[in-house]
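This is final-v9.txt. It holds compact mmCIF, N, CA and C atoms.
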# COMPACT_ATOMS: atom_id res chain seq x y z
N MET A 1 0.83 -1.19 0.00
CA MET A 1 0.00 0.00 0.00
C MET A 1 0.87 1.26 0.00
N ARG A 2 2.00 1.22 0.68
CA ARG A 2 2.88 2.38 0.76
C ARG A 2 3.42 2.76 -0.62
N VAL A 3 3.83 1.79 -1.42
CA VAL A 3 4.34 2.07 -2.75
C VAL A 3 3.26 2.73 -3.60
N LYS A 4 2.02 2.23 -3.50
CA LYS A 4 0.92 2.83 -4.24
C LYS A 4 0.74 4.28 -3.85
N ASN A 5 0.82 4.57 -2.55
CA ASN A 5 0.68 5.95 -2.08
C ASN A 5 1.75 6.85 -2.68
N LEU A 6 2.99 6.37 -2.73
CA LEU A 6 4.07 7.17 -3.29
C LEU A 6 3.88 7.41 -4.77
N ILE A 7 3.51 6.38 -5.49
CA ILE A 7 3.28 6.52 -6.93
C ILE A 7 2.14 7.49 -7.19
N CYS A 8 1.06 7.34 -6.44
CA CYS A 8 -0.09 8.22 -6.65
C CYS A 8 0.21 9.64 -6.23
N LEU A 9 1.03 9.81 -5.21
CA LEU A 9 1.39 11.15 -4.76
C LEU A 9 2.11 11.90 -5.87
N LEU A 10 3.04 11.23 -6.54
CA LEU A 10 3.83 11.89 -7.57
C LEU A 10 3.14 11.93 -8.92
N GLY A 11 2.16 11.08 -9.12
CA GLY A 11 1.47 11.06 -10.40
C GLY A 11 -0.03 11.00 -10.22
N CYS A 12 -0.54 11.71 -9.22
CA CYS A 12 -1.94 11.55 -8.82
C CYS A 12 -2.93 11.83 -9.94
N LEU A 13 -2.54 12.64 -10.87
CA LEU A 13 -3.48 12.97 -11.94
C LEU A 13 -3.64 11.83 -12.94
N PHE A 14 -2.69 10.90 -12.94
CA PHE A 14 -2.69 9.85 -13.94
C PHE A 14 -3.07 8.48 -13.39
N CYS A 15 -2.88 8.22 -12.09
CA CYS A 15 -3.10 6.87 -11.59
C CYS A 15 -4.48 6.69 -10.96
N HIS A 16 -5.27 7.73 -10.90
CA HIS A 16 -6.62 7.63 -10.35
C HIS A 16 -7.62 8.17 -11.37
N PRO A 17 -8.75 7.57 -11.47
CA PRO A 17 -9.80 8.26 -12.21
C PRO A 17 -10.16 9.51 -11.40
N VAL A 18 -10.68 10.50 -12.07
CA VAL A 18 -11.01 11.74 -11.37
C VAL A 18 -12.12 11.46 -10.37
N LEU A 19 -11.79 11.61 -9.10
CA LEU A 19 -12.75 11.38 -8.02
C LEU A 19 -13.37 12.68 -7.55
N ALA A 20 -12.77 13.78 -7.92
CA ALA A 20 -13.21 15.07 -7.42
C ALA A 20 -12.79 16.15 -8.40
N ASP A 21 -13.40 17.31 -8.26
CA ASP A 21 -13.06 18.42 -9.13
C ASP A 21 -11.80 19.16 -8.70
N ILE A 22 -11.42 19.02 -7.42
CA ILE A 22 -10.27 19.75 -6.88
C ILE A 22 -9.30 18.78 -6.22
N GLU A 23 -8.02 18.93 -6.56
CA GLU A 23 -6.97 18.21 -5.86
C GLU A 23 -6.08 19.26 -5.20
N HIS A 24 -5.82 19.05 -3.92
CA HIS A 24 -5.07 19.96 -3.07
C HIS A 24 -3.79 19.23 -2.70
N LEU A 25 -2.68 19.58 -3.35
CA LEU A 25 -1.40 18.91 -3.14
C LEU A 25 -0.56 19.73 -2.18
N VAL A 26 -0.13 19.08 -1.10
CA VAL A 26 0.62 19.75 -0.04
C VAL A 26 1.98 19.08 0.08
N PHE A 27 3.04 19.86 -0.01
CA PHE A 27 4.40 19.35 0.13
C PHE A 27 5.06 20.02 1.33
N LEU A 28 5.56 19.19 2.25
CA LEU A 28 6.14 19.69 3.50
C LEU A 28 7.63 19.37 3.56
N TRP A 29 8.39 20.36 3.96
CA TRP A 29 9.79 20.19 4.30
C TRP A 29 9.86 20.41 5.81
N LEU A 30 10.37 19.43 6.53
CA LEU A 30 10.42 19.51 7.97
C LEU A 30 11.77 20.05 8.44
N LYS A 31 11.77 20.60 9.65
CA LYS A 31 13.01 21.07 10.25
C LYS A 31 13.95 19.88 10.44
N PRO A 32 15.26 20.15 10.41
CA PRO A 32 16.23 19.05 10.52
C PRO A 32 16.09 18.19 11.78
N ASP A 33 15.58 18.75 12.86
CA ASP A 33 15.46 17.97 14.10
C ASP A 33 14.18 17.13 14.16
N ALA A 34 13.35 17.19 13.14
CA ALA A 34 12.14 16.35 13.09
C ALA A 34 12.56 14.93 12.71
N ASN A 35 12.31 13.98 13.58
CA ASN A 35 12.76 12.61 13.34
C ASN A 35 11.73 11.80 12.55
N GLU A 36 12.06 10.56 12.27
CA GLU A 36 11.20 9.67 11.48
C GLU A 36 9.85 9.46 12.16
N GLN A 37 9.83 9.39 13.48
CA GLN A 37 8.58 9.20 14.22
C GLN A 37 7.64 10.39 14.00
N VAL A 38 8.18 11.59 14.03
CA VAL A 38 7.38 12.80 13.78
C VAL A 38 6.83 12.77 12.37
N LYS A 39 7.67 12.39 11.42
CA LYS A 39 7.25 12.32 10.01
C LYS A 39 6.10 11.32 9.85
N GLN A 40 6.24 10.14 10.41
CA GLN A 40 5.20 9.12 10.29
C GLN A 40 3.91 9.55 11.00
N GLN A 41 4.04 10.25 12.09
CA GLN A 41 2.87 10.74 12.82
C GLN A 41 2.10 11.76 11.97
N ILE A 42 2.80 12.65 11.31
CA ILE A 42 2.14 13.64 10.44
C ILE A 42 1.47 12.93 9.26
N ILE A 43 2.12 11.94 8.69
CA ILE A 43 1.51 11.19 7.59
C ILE A 43 0.22 10.52 8.06
N GLN A 44 0.27 9.84 9.19
CA GLN A 44 -0.92 9.13 9.71
C GLN A 44 -2.04 10.11 10.07
N GLN A 45 -1.68 11.22 10.67
CA GLN A 45 -2.71 12.21 11.02
C GLN A 45 -3.29 12.88 9.79
N SER A 46 -2.48 13.05 8.75
CA SER A 46 -3.00 13.59 7.48
C SER A 46 -4.01 12.63 6.90
N LEU A 47 -3.69 11.33 6.91
CA LEU A 47 -4.62 10.33 6.40
C LEU A 47 -5.91 10.31 7.20
N ALA A 48 -5.83 10.56 8.50
CA ALA A 48 -7.01 10.57 9.36
C ALA A 48 -7.96 11.72 9.02
N LEU A 49 -7.46 12.75 8.35
CA LEU A 49 -8.33 13.87 7.95
C LEU A 49 -9.36 13.43 6.91
N ALA A 50 -9.21 12.24 6.37
CA ALA A 50 -10.21 11.70 5.44
C ALA A 50 -11.57 11.56 6.13
N GLN A 51 -11.58 11.54 7.45
CA GLN A 51 -12.83 11.43 8.21
C GLN A 51 -13.65 12.71 8.19
N LEU A 52 -13.03 13.83 7.81
CA LEU A 52 -13.77 15.09 7.77
C LEU A 52 -14.76 15.08 6.62
N PRO A 53 -15.93 15.67 6.83
CA PRO A 53 -16.99 15.58 5.81
C PRO A 53 -16.65 16.23 4.47
N GLU A 54 -15.76 17.19 4.46
CA GLU A 54 -15.42 17.88 3.21
C GLU A 54 -14.51 17.06 2.31
N VAL A 55 -13.77 16.12 2.88
CA VAL A 55 -12.72 15.41 2.16
C VAL A 55 -13.27 14.17 1.46
N LYS A 56 -13.03 14.09 0.15
CA LYS A 56 -13.43 12.89 -0.60
C LYS A 56 -12.41 11.78 -0.42
N SER A 57 -11.11 12.14 -0.44
CA SER A 57 -10.06 11.15 -0.21
C SER A 57 -8.76 11.85 0.12
N VAL A 58 -7.86 11.08 0.73
CA VAL A 58 -6.53 11.58 1.11
C VAL A 58 -5.51 10.48 0.86
N GLU A 59 -4.35 10.88 0.35
CA GLU A 59 -3.21 9.98 0.25
C GLU A 59 -2.00 10.76 0.72
N ALA A 60 -1.10 10.09 1.42
CA ALA A 60 0.09 10.76 1.95
C ALA A 60 1.27 9.81 1.95
N GLY A 61 2.46 10.37 1.83
CA GLY A 61 3.66 9.54 1.86
C GLY A 61 4.91 10.37 1.72
N GLU A 62 6.00 9.65 1.59
CA GLU A 62 7.31 10.26 1.43
C GLU A 62 7.67 10.29 -0.05
N PRO A 63 8.63 11.14 -0.43
CA PRO A 63 8.97 11.24 -1.86
C PRO A 63 9.65 9.97 -2.38
N LEU A 64 9.37 9.68 -3.61
CA LEU A 64 10.09 8.63 -4.33
C LEU A 64 11.39 9.26 -4.80
N GLN A 65 12.51 8.76 -4.30
CA GLN A 65 13.81 9.34 -4.66
C GLN A 65 14.08 9.12 -6.14
N SER A 66 14.68 10.14 -6.76
CA SER A 66 14.93 10.09 -8.19
C SER A 66 16.28 10.72 -8.50
N ASP A 67 16.95 10.20 -9.52
CA ASP A 67 18.19 10.81 -9.98
C ASP A 67 17.96 11.72 -11.19
N ARG A 68 16.67 11.88 -11.56
CA ARG A 68 16.33 12.75 -12.69
C ARG A 68 16.38 14.20 -12.24
N PRO A 69 17.11 15.07 -12.91
CA PRO A 69 17.23 16.46 -12.49
C PRO A 69 15.90 17.23 -12.49
N ILE A 70 14.95 16.80 -13.27
CA ILE A 70 13.68 17.49 -13.36
C ILE A 70 12.76 17.18 -12.18
N VAL A 71 13.05 16.11 -11.43
CA VAL A 71 12.21 15.67 -10.33
C VAL A 71 12.68 16.30 -9.03
N ASP A 72 11.78 16.99 -8.34
CA ASP A 72 12.09 17.54 -7.02
C ASP A 72 11.65 16.54 -5.96
N ASP A 73 12.61 15.86 -5.38
CA ASP A 73 12.31 14.90 -4.32
C ASP A 73 12.86 15.39 -2.98
N SER A 74 13.02 16.70 -2.86
CA SER A 74 13.63 17.27 -1.66
C SER A 74 12.66 17.42 -0.49
N PHE A 75 11.37 17.27 -0.72
CA PHE A 75 10.39 17.41 0.37
C PHE A 75 10.40 16.16 1.25
N ASP A 76 9.83 16.30 2.45
CA ASP A 76 9.78 15.18 3.39
C ASP A 76 8.46 14.43 3.35
N ILE A 77 7.37 15.16 3.14
CA ILE A 77 6.03 14.57 3.14
C ILE A 77 5.21 15.23 2.03
N GLY A 78 4.46 14.42 1.32
CA GLY A 78 3.50 14.93 0.35
C GLY A 78 2.12 14.38 0.67
N VAL A 79 1.12 15.25 0.54
CA VAL A 79 -0.26 14.84 0.83
C VAL A 79 -1.14 15.31 -0.32
N VAL A 80 -2.02 14.43 -0.78
CA VAL A 80 -2.99 14.77 -1.83
C VAL A 80 -4.39 14.63 -1.23
N PHE A 81 -5.09 15.75 -1.16
CA PHE A 81 -6.48 15.77 -0.72
C PHE A 81 -7.35 15.96 -1.96
N ARG A 82 -8.50 15.32 -1.97
CA ARG A 82 -9.45 15.51 -3.07
C ARG A 82 -10.76 16.04 -2.50
N PHE A 83 -11.32 17.04 -3.21
CA PHE A 83 -12.54 17.71 -2.78
C PHE A 83 -13.53 17.79 -3.93
N LYS A 84 -14.79 17.83 -3.58
CA LYS A 84 -15.87 17.92 -4.56
C LYS A 84 -15.75 19.20 -5.39
N ASP A 85 -15.46 20.31 -4.72
CA ASP A 85 -15.41 21.60 -5.40
C ASP A 85 -14.63 22.60 -4.55
N LYS A 86 -14.50 23.81 -5.07
CA LYS A 86 -13.75 24.86 -4.38
C LYS A 86 -14.37 25.19 -3.03
N GLN A 87 -15.68 25.17 -2.95
CA GLN A 87 -16.38 25.49 -1.70
C GLN A 87 -16.02 24.49 -0.60
N THR A 88 -15.97 23.21 -0.92
CA THR A 88 -15.63 22.24 0.12
C THR A 88 -14.15 22.34 0.51
N LEU A 89 -13.28 22.71 -0.43
CA LEU A 89 -11.89 22.97 -0.09
C LEU A 89 -11.82 24.12 0.92
N ARG A 90 -12.55 25.19 0.66
CA ARG A 90 -12.55 26.34 1.58
C ARG A 90 -13.11 25.95 2.95
N GLN A 91 -14.15 25.11 2.96
CA GLN A 91 -14.70 24.64 4.24
C GLN A 91 -13.67 23.82 5.00
N PHE A 92 -12.94 22.97 4.30
CA PHE A 92 -11.88 22.17 4.91
C PHE A 92 -10.82 23.08 5.53
N GLU A 93 -10.43 24.12 4.81
CA GLU A 93 -9.41 25.04 5.32
C GLU A 93 -9.85 25.72 6.61
N GLN A 94 -11.17 25.87 6.80
CA GLN A 94 -11.71 26.50 8.00
C GLN A 94 -12.17 25.49 9.06
N ASN A 95 -12.08 24.22 8.76
CA ASN A 95 -12.52 23.19 9.70
C ASN A 95 -11.62 23.24 10.94
N PRO A 96 -12.20 23.31 12.13
CA PRO A 96 -11.39 23.40 13.36
C PRO A 96 -10.44 22.23 13.56
N VAL A 97 -10.81 21.04 13.12
CA VAL A 97 -9.92 19.88 13.24
C VAL A 97 -8.67 20.08 12.38
N HIS A 98 -8.86 20.55 11.15
CA HIS A 98 -7.74 20.83 10.25
C HIS A 98 -6.86 21.94 10.83
N ILE A 99 -7.48 23.00 11.28
CA ILE A 99 -6.74 24.15 11.83
C ILE A 99 -5.90 23.71 13.04
N GLU A 100 -6.48 22.93 13.92
CA GLU A 100 -5.77 22.46 15.11
C GLU A 100 -4.61 21.54 14.73
N PHE A 101 -4.83 20.65 13.78
CA PHE A 101 -3.77 19.75 13.31
C PHE A 101 -2.58 20.55 12.77
N VAL A 102 -2.85 21.53 11.93
CA VAL A 102 -1.78 22.35 11.35
C VAL A 102 -1.06 23.13 12.46
N LYS A 103 -1.82 23.72 13.35
CA LYS A 103 -1.26 24.56 14.42
C LYS A 103 -0.39 23.76 15.39
N THR A 104 -0.86 22.60 15.81
CA THR A 104 -0.18 21.88 16.89
C THR A 104 0.78 20.79 16.40
N GLN A 105 0.55 20.22 15.23
CA GLN A 105 1.37 19.10 14.77
C GLN A 105 2.32 19.48 13.62
N VAL A 106 1.85 20.32 12.71
CA VAL A 106 2.66 20.61 11.52
C VAL A 106 3.56 21.82 11.73
N LYS A 107 2.98 22.95 12.11
CA LYS A 107 3.77 24.19 12.20
C LYS A 107 4.99 24.10 13.11
N PRO A 108 4.91 23.42 14.24
CA PRO A 108 6.10 23.36 15.11
C PRO A 108 7.32 22.69 14.47
N VAL A 109 7.12 21.83 13.49
CA VAL A 109 8.25 21.13 12.86
C VAL A 109 8.44 21.53 11.40
N LEU A 110 7.71 22.52 10.94
CA LEU A 110 7.71 22.91 9.53
C LEU A 110 8.82 23.89 9.19
N ALA A 111 9.59 23.56 8.15
CA ALA A 111 10.60 24.48 7.62
C ALA A 111 10.07 25.20 6.39
N LYS A 112 9.27 24.48 5.57
CA LYS A 112 8.77 25.04 4.30
C LYS A 112 7.54 24.26 3.89
N ILE A 113 6.63 24.94 3.22
CA ILE A 113 5.44 24.29 2.68
C ILE A 113 5.14 24.88 1.30
N LEU A 114 4.73 24.00 0.39
CA LEU A 114 4.22 24.43 -0.91
C LEU A 114 2.89 23.71 -1.14
N ILE A 115 1.92 24.46 -1.64
CA ILE A 115 0.60 23.90 -1.90
C ILE A 115 0.21 24.23 -3.33
N TYR A 116 -0.32 23.22 -4.02
CA TYR A 116 -0.83 23.39 -5.38
C TYR A 116 -2.27 22.91 -5.41
N ASP A 117 -3.16 23.72 -5.92
CA ASP A 117 -4.55 23.34 -6.09
C ASP A 117 -4.83 23.16 -7.58
N ILE A 118 -5.38 22.01 -7.93
CA ILE A 118 -5.63 21.68 -9.33
C ILE A 118 -7.12 21.47 -9.53
N LYS A 119 -7.67 22.14 -10.53
CA LYS A 119 -9.09 22.03 -10.87
C LYS A 119 -9.23 21.14 -12.09
N HIS A 120 -10.17 20.19 -12.03
CA HIS A 120 -10.42 19.30 -13.16
C HIS A 120 -11.61 19.83 -13.96
Render the structure in this file as structure tokens.
Amino acid sequence: MRVKNLICLLGCLFCHPVLADIEHLVFLWLKPDANEQVKQQIIQQSLALAQLPEVKSVEAGEPLQSDRPIVDDSFDIGVVFRFKDKQTLRQFEQNPVHIEFVKTQVKPVLAKILIYDIKH
């Protein structure tokens, strides 16, 4: 299952039929002192956000290492959220469970974040 998550994370637009109109791709770079346990905890807690009513699906994992210069595998965690539409994405962003997770679990160990939203 882990390999599937990594493949889908890096090629989510191609390995899944379109399940939603919006894909919210989140890439996290953690501070150097964040250990493997912290990384795995963030991945598991990200997957648990699938329980929120706004979320159609979630996949999370670590980067697939590559020697191709065009591939950026420098991030520590990647998460793909799928939403019905822009409105449900905005509701998710304001959901207290999501806000608390980001505030207490992600931000304390976060060095950098990049987010890409894709509309189908």
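Atom to atom, CA of Leu52 in chain A and CA of His98 in chain A stand 8.7 Å apart.
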Would you list the residues near (-12.6, 17.1, -0.6), meaning any protein, DNA or RNA residue with an atom at most 7 Å from that point in file coordinates, counting only N, CA and C atoms, as a PyMOL selection string?
-> chain A and resi 22+53-57+81-85+88-89
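Between atom N of Lys112 in chain A and CA of Phe75 in chain A lies a distance of 8.8 Å.
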Looking only at the backbone, which of the residues in chain A does DSSP tag as strand (DSSP E), as a VMD selection string?
-> chain A and resid 22 to 30 55 to 61 77 to 83 110 to 119
Nearby residues (all atoms listed in the file) at most 6.5 Å from range 31-36 of chain A, same-chain spacing under 4 positions excluded, as a VMD selection string = chain A and resid 40 to 41 109 to 112
Which residue out of A:Leu30, A:Asn95, A:Gln37, A:Val80 has the minimum interatomic distance to Val58 in chain A when only N, CA and C atoms are used?
->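 Among the listed residues, A:Val80 lies closest to Val58 in chain A.
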Would you mind listing what lies within 7 Å of Ile113 in chain A as a PyMOL selection string, with only N, CA and C atoms counted and same-chain residues fewer than 2 positions away left out?
-> chain A and resi 26-29+110-111+115
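Here atom C of Val97 in chain A and atom N of Val79 in chain A stand 16.1 Å from one another.
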Sel. of helix (DSSP H, G or I) residues, range 5-99 of chain A, as a PyMOL selection string | chain A and resi 5-10+12-15+36-51+86-94+96-99
Restricted to N, CA and C atoms, what would the selected residues look like written as a compact mmCIF listing (two decimals), keeping the file's coordinate frame?
# COMPACT_ATOMS: atom_id res chain seq x y z
N ASN A 5 0.82 4.57 -2.55
CA ASN A 5 0.68 5.95 -2.08
C ASN A 5 1.75 6.85 -2.68
N LEU A 6 2.99 6.37 -2.73
CA LEU A 6 4.07 7.17 -3.29
C LEU A 6 3.88 7.41 -4.77
N ILE A 7 3.51 6.38 -5.49
CA ILE A 7 3.28 6.52 -6.93
C ILE A 7 2.14 7.49 -7.19
N CYS A 8 1.06 7.34 -6.44
CA CYS A 8 -0.09 8.22 -6.65
C CYS A 8 0.21 9.64 -6.23
N LEU A 9 1.03 9.81 -5.21
CA LEU A 9 1.39 11.15 -4.76
C LEU A 9 2.11 11.90 -5.87
N LEU A 10 3.04 11.23 -6.54
CA LEU A 10 3.83 11.89 -7.57
C LEU A 10 3.14 11.93 -8.92
N CYS A 12 -0.54 11.71 -9.22
CA CYS A 12 -1.94 11.55 -8.82
C CYS A 12 -2.93 11.83 -9.94
N LEU A 13 -2.54 12.64 -10.87
CA LEU A 13 -3.48 12.97 -11.94
C LEU A 13 -3.64 11.83 -12.94
N PHE A 14 -2.69 10.90 -12.94
CA PHE A 14 -2.69 9.85 -13.94
C PHE A 14 -3.07 8.48 -13.39
N CYS A 15 -2.88 8.22 -12.09
CA CYS A 15 -3.10 6.87 -11.59
C CYS A 15 -4.48 6.69 -10.96
N GLU A 36 12.06 10.56 12.27
CA GLU A 36 11.20 9.67 11.48
C GLU A 36 9.85 9.46 12.16
N GLN A 37 9.83 9.39 13.48
CA GLN A 37 8.58 9.20 14.22
C GLN A 37 7.64 10.39 14.00
N VAL A 38 8.18 11.59 14.03
CA VAL A 38 7.38 12.80 13.78
C VAL A 38 6.83 12.77 12.37
N LYS A 39 7.67 12.39 11.42
CA LYS A 39 7.25 12.32 10.01
C LYS A 39 6.10 11.32 9.85
N GLN A 40 6.24 10.14 10.41
CA GLN A 40 5.20 9.12 10.29
C GLN A 40 3.91 9.55 11.00
N GLN A 41 4.04 10.25 12.09
CA GLN A 41 2.87 10.74 12.82
C GLN A 41 2.10 11.76 11.97
N ILE A 42 2.80 12.65 11.31
CA ILE A 42 2.14 13.64 10.44
C ILE A 42 1.47 12.93 9.26
N ILE A 43 2.12 11.94 8.69
CA ILE A 43 1.51 11.19 7.59
C ILE A 43 0.22 10.52 8.06
N GLN A 44 0.27 9.84 9.19
CA GLN A 44 -0.92 9.13 9.71
C GLN A 44 -2.04 10.11 10.07
N GLN A 45 -1.68 11.22 10.67
CA GLN A 45 -2.71 12.21 11.02
C GLN A 45 -3.29 12.88 9.79
N SER A 46 -2.48 13.05 8.75
CA SER A 46 -3.00 13.59 7.48
C SER A 46 -4.01 12.63 6.90
N LEU A 47 -3.69 11.33 6.91
CA LEU A 47 -4.62 10.33 6.40
C LEU A 47 -5.91 10.31 7.20
N ALA A 48 -5.83 10.56 8.50
CA ALA A 48 -7.01 10.57 9.36
C ALA A 48 -7.96 11.72 9.02
N LEU A 49 -7.46 12.75 8.35
CA LEU A 49 -8.33 13.87 7.95
C LEU A 49 -9.36 13.43 6.91
N ALA A 50 -9.21 12.24 6.37
CA ALA A 50 -10.21 11.70 5.44
C ALA A 50 -11.57 11.56 6.13
N GLN A 51 -11.58 11.54 7.45
CA GLN A 51 -12.83 11.43 8.21
C GLN A 51 -13.65 12.71 8.19
N LYS A 86 -14.50 23.81 -5.07
CA LYS A 86 -13.75 24.86 -4.38
C LYS A 86 -14.37 25.19 -3.03
N GLN A 87 -15.68 25.17 -2.95
CA GLN A 87 -16.38 25.49 -1.70
C GLN A 87 -16.02 24.49 -0.60
N THR A 88 -15.97 23.21 -0.92
CA THR A 88 -15.63 22.24 0.12
C THR A 88 -14.15 22.34 0.51
N LEU A 89 -13.28 22.71 -0.43
CA LEU A 89 -11.89 22.97 -0.09
C LEU A 89 -11.82 24.12 0.92
N ARG A 90 -12.55 25.19 0.66
CA ARG A 90 -12.55 26.34 1.58
C ARG A 90 -13.11 25.95 2.95
N GLN A 91 -14.15 25.11 2.96
CA GLN A 91 -14.70 24.64 4.24
C GLN A 91 -13.67 23.82 5.00
N PHE A 92 -12.94 22.97 4.30
CA PHE A 92 -11.88 22.17 4.91
C PHE A 92 -10.82 23.08 5.53
N GLU A 93 -10.43 24.12 4.81
CA GLU A 93 -9.41 25.04 5.32
C GLU A 93 -9.85 25.72 6.61
N GLN A 94 -11.17 25.87 6.80
CA GLN A 94 -11.71 26.50 8.00
C GLN A 94 -12.17 25.49 9.06
N PRO A 96 -12.20 23.31 12.13
CA PRO A 96 -11.39 23.40 13.36
C PRO A 96 -10.44 22.23 13.56
N VAL A 97 -10.81 21.04 13.12
CA VAL A 97 -9.92 19.88 13.24
C VAL A 97 -8.67 20.08 12.38
N HIS A 98 -8.86 20.55 11.15
CA HIS A 98 -7.74 20.83 10.25
C HIS A 98 -6.86 21.94 10.83
N ILE A 99 -7.48 23.00 11.28
CA ILE A 99 -6.74 24.15 11.83
C ILE A 99 -5.90 23.71 13.04
Dump as a PDB file with N, CA and C atoms, in the coordinates of the input all residues having an atom at most 6 Å from (3.5, 12.8, -1.0), computed in the file's coordinates with only C-alpha atoms.
ATOM      1  N   LEU A   9       1.030   9.810  -5.210  1.00  0.00           N
ATOM      2  CA  LEU A   9       1.390  11.150  -4.760  1.00  0.00           C
ATOM      3  C   LEU A   9       2.110  11.900  -5.870  1.00  0.00           C
ATOM      4  N   ALA A  60      -1.100  10.090   1.420  1.00  0.00           N
ATOM      5  CA  ALA A  60       0.090  10.760   1.950  1.00  0.00           C
ATOM      6  C   ALA A  60       1.270   9.810   1.950  1.00  0.00           C
ATOM      7  N   GLY A  61       2.460  10.370   1.830  1.00  0.00           N
ATOM      8  CA  GLY A  61       3.660   9.540   1.860  1.00  0.00           C
ATOM      9  C   GLY A  61       4.910  10.370   1.720  1.00  0.00           C
ATOM     10  N   GLU A  62       6.000   9.650   1.590  1.00  0.00           N
ATOM     11  CA  GLU A  62       7.310  10.260   1.430  1.00  0.00           C
ATOM     12  C   GLU A  62       7.670  10.290  -0.050  1.00  0.00           C
ATOM     13  N   PRO A  63       8.630  11.140  -0.430  1.00  0.00           N
ATOM     14  CA  PRO A  63       8.970  11.240  -1.860  1.00  0.00           C
ATOM     15  C   PRO A  63       9.650   9.970  -2.380  1.00  0.00           C
ATOM     16  N   ILE A  77       7.370  15.160   3.140  1.00  0.00           N
ATOM     17  CA  ILE A  77       6.030  14.570   3.140  1.00  0.00           C
ATOM     18  C   ILE A  77       5.210  15.230   2.030  1.00  0.00           C
ATOM     19  N   GLY A  78       4.460  14.420   1.320  1.00  0.00           N
ATOM     20  CA  GLY A  78       3.500  14.930   0.350  1.00  0.00           C
ATOM     21  C   GLY A  78       2.120  14.380   0.670  1.00  0.00           C
ATOM     22  N   VAL A  79       1.120  15.250   0.540  1.00  0.00           N
ATOM     23  CA  VAL A  79      -0.260  14.840   0.830  1.00  0.00           C
ATOM     24  C   VAL A  79      -1.140  15.310  -0.320  1.00  0.00           C
TER      25      VAL A  79
END
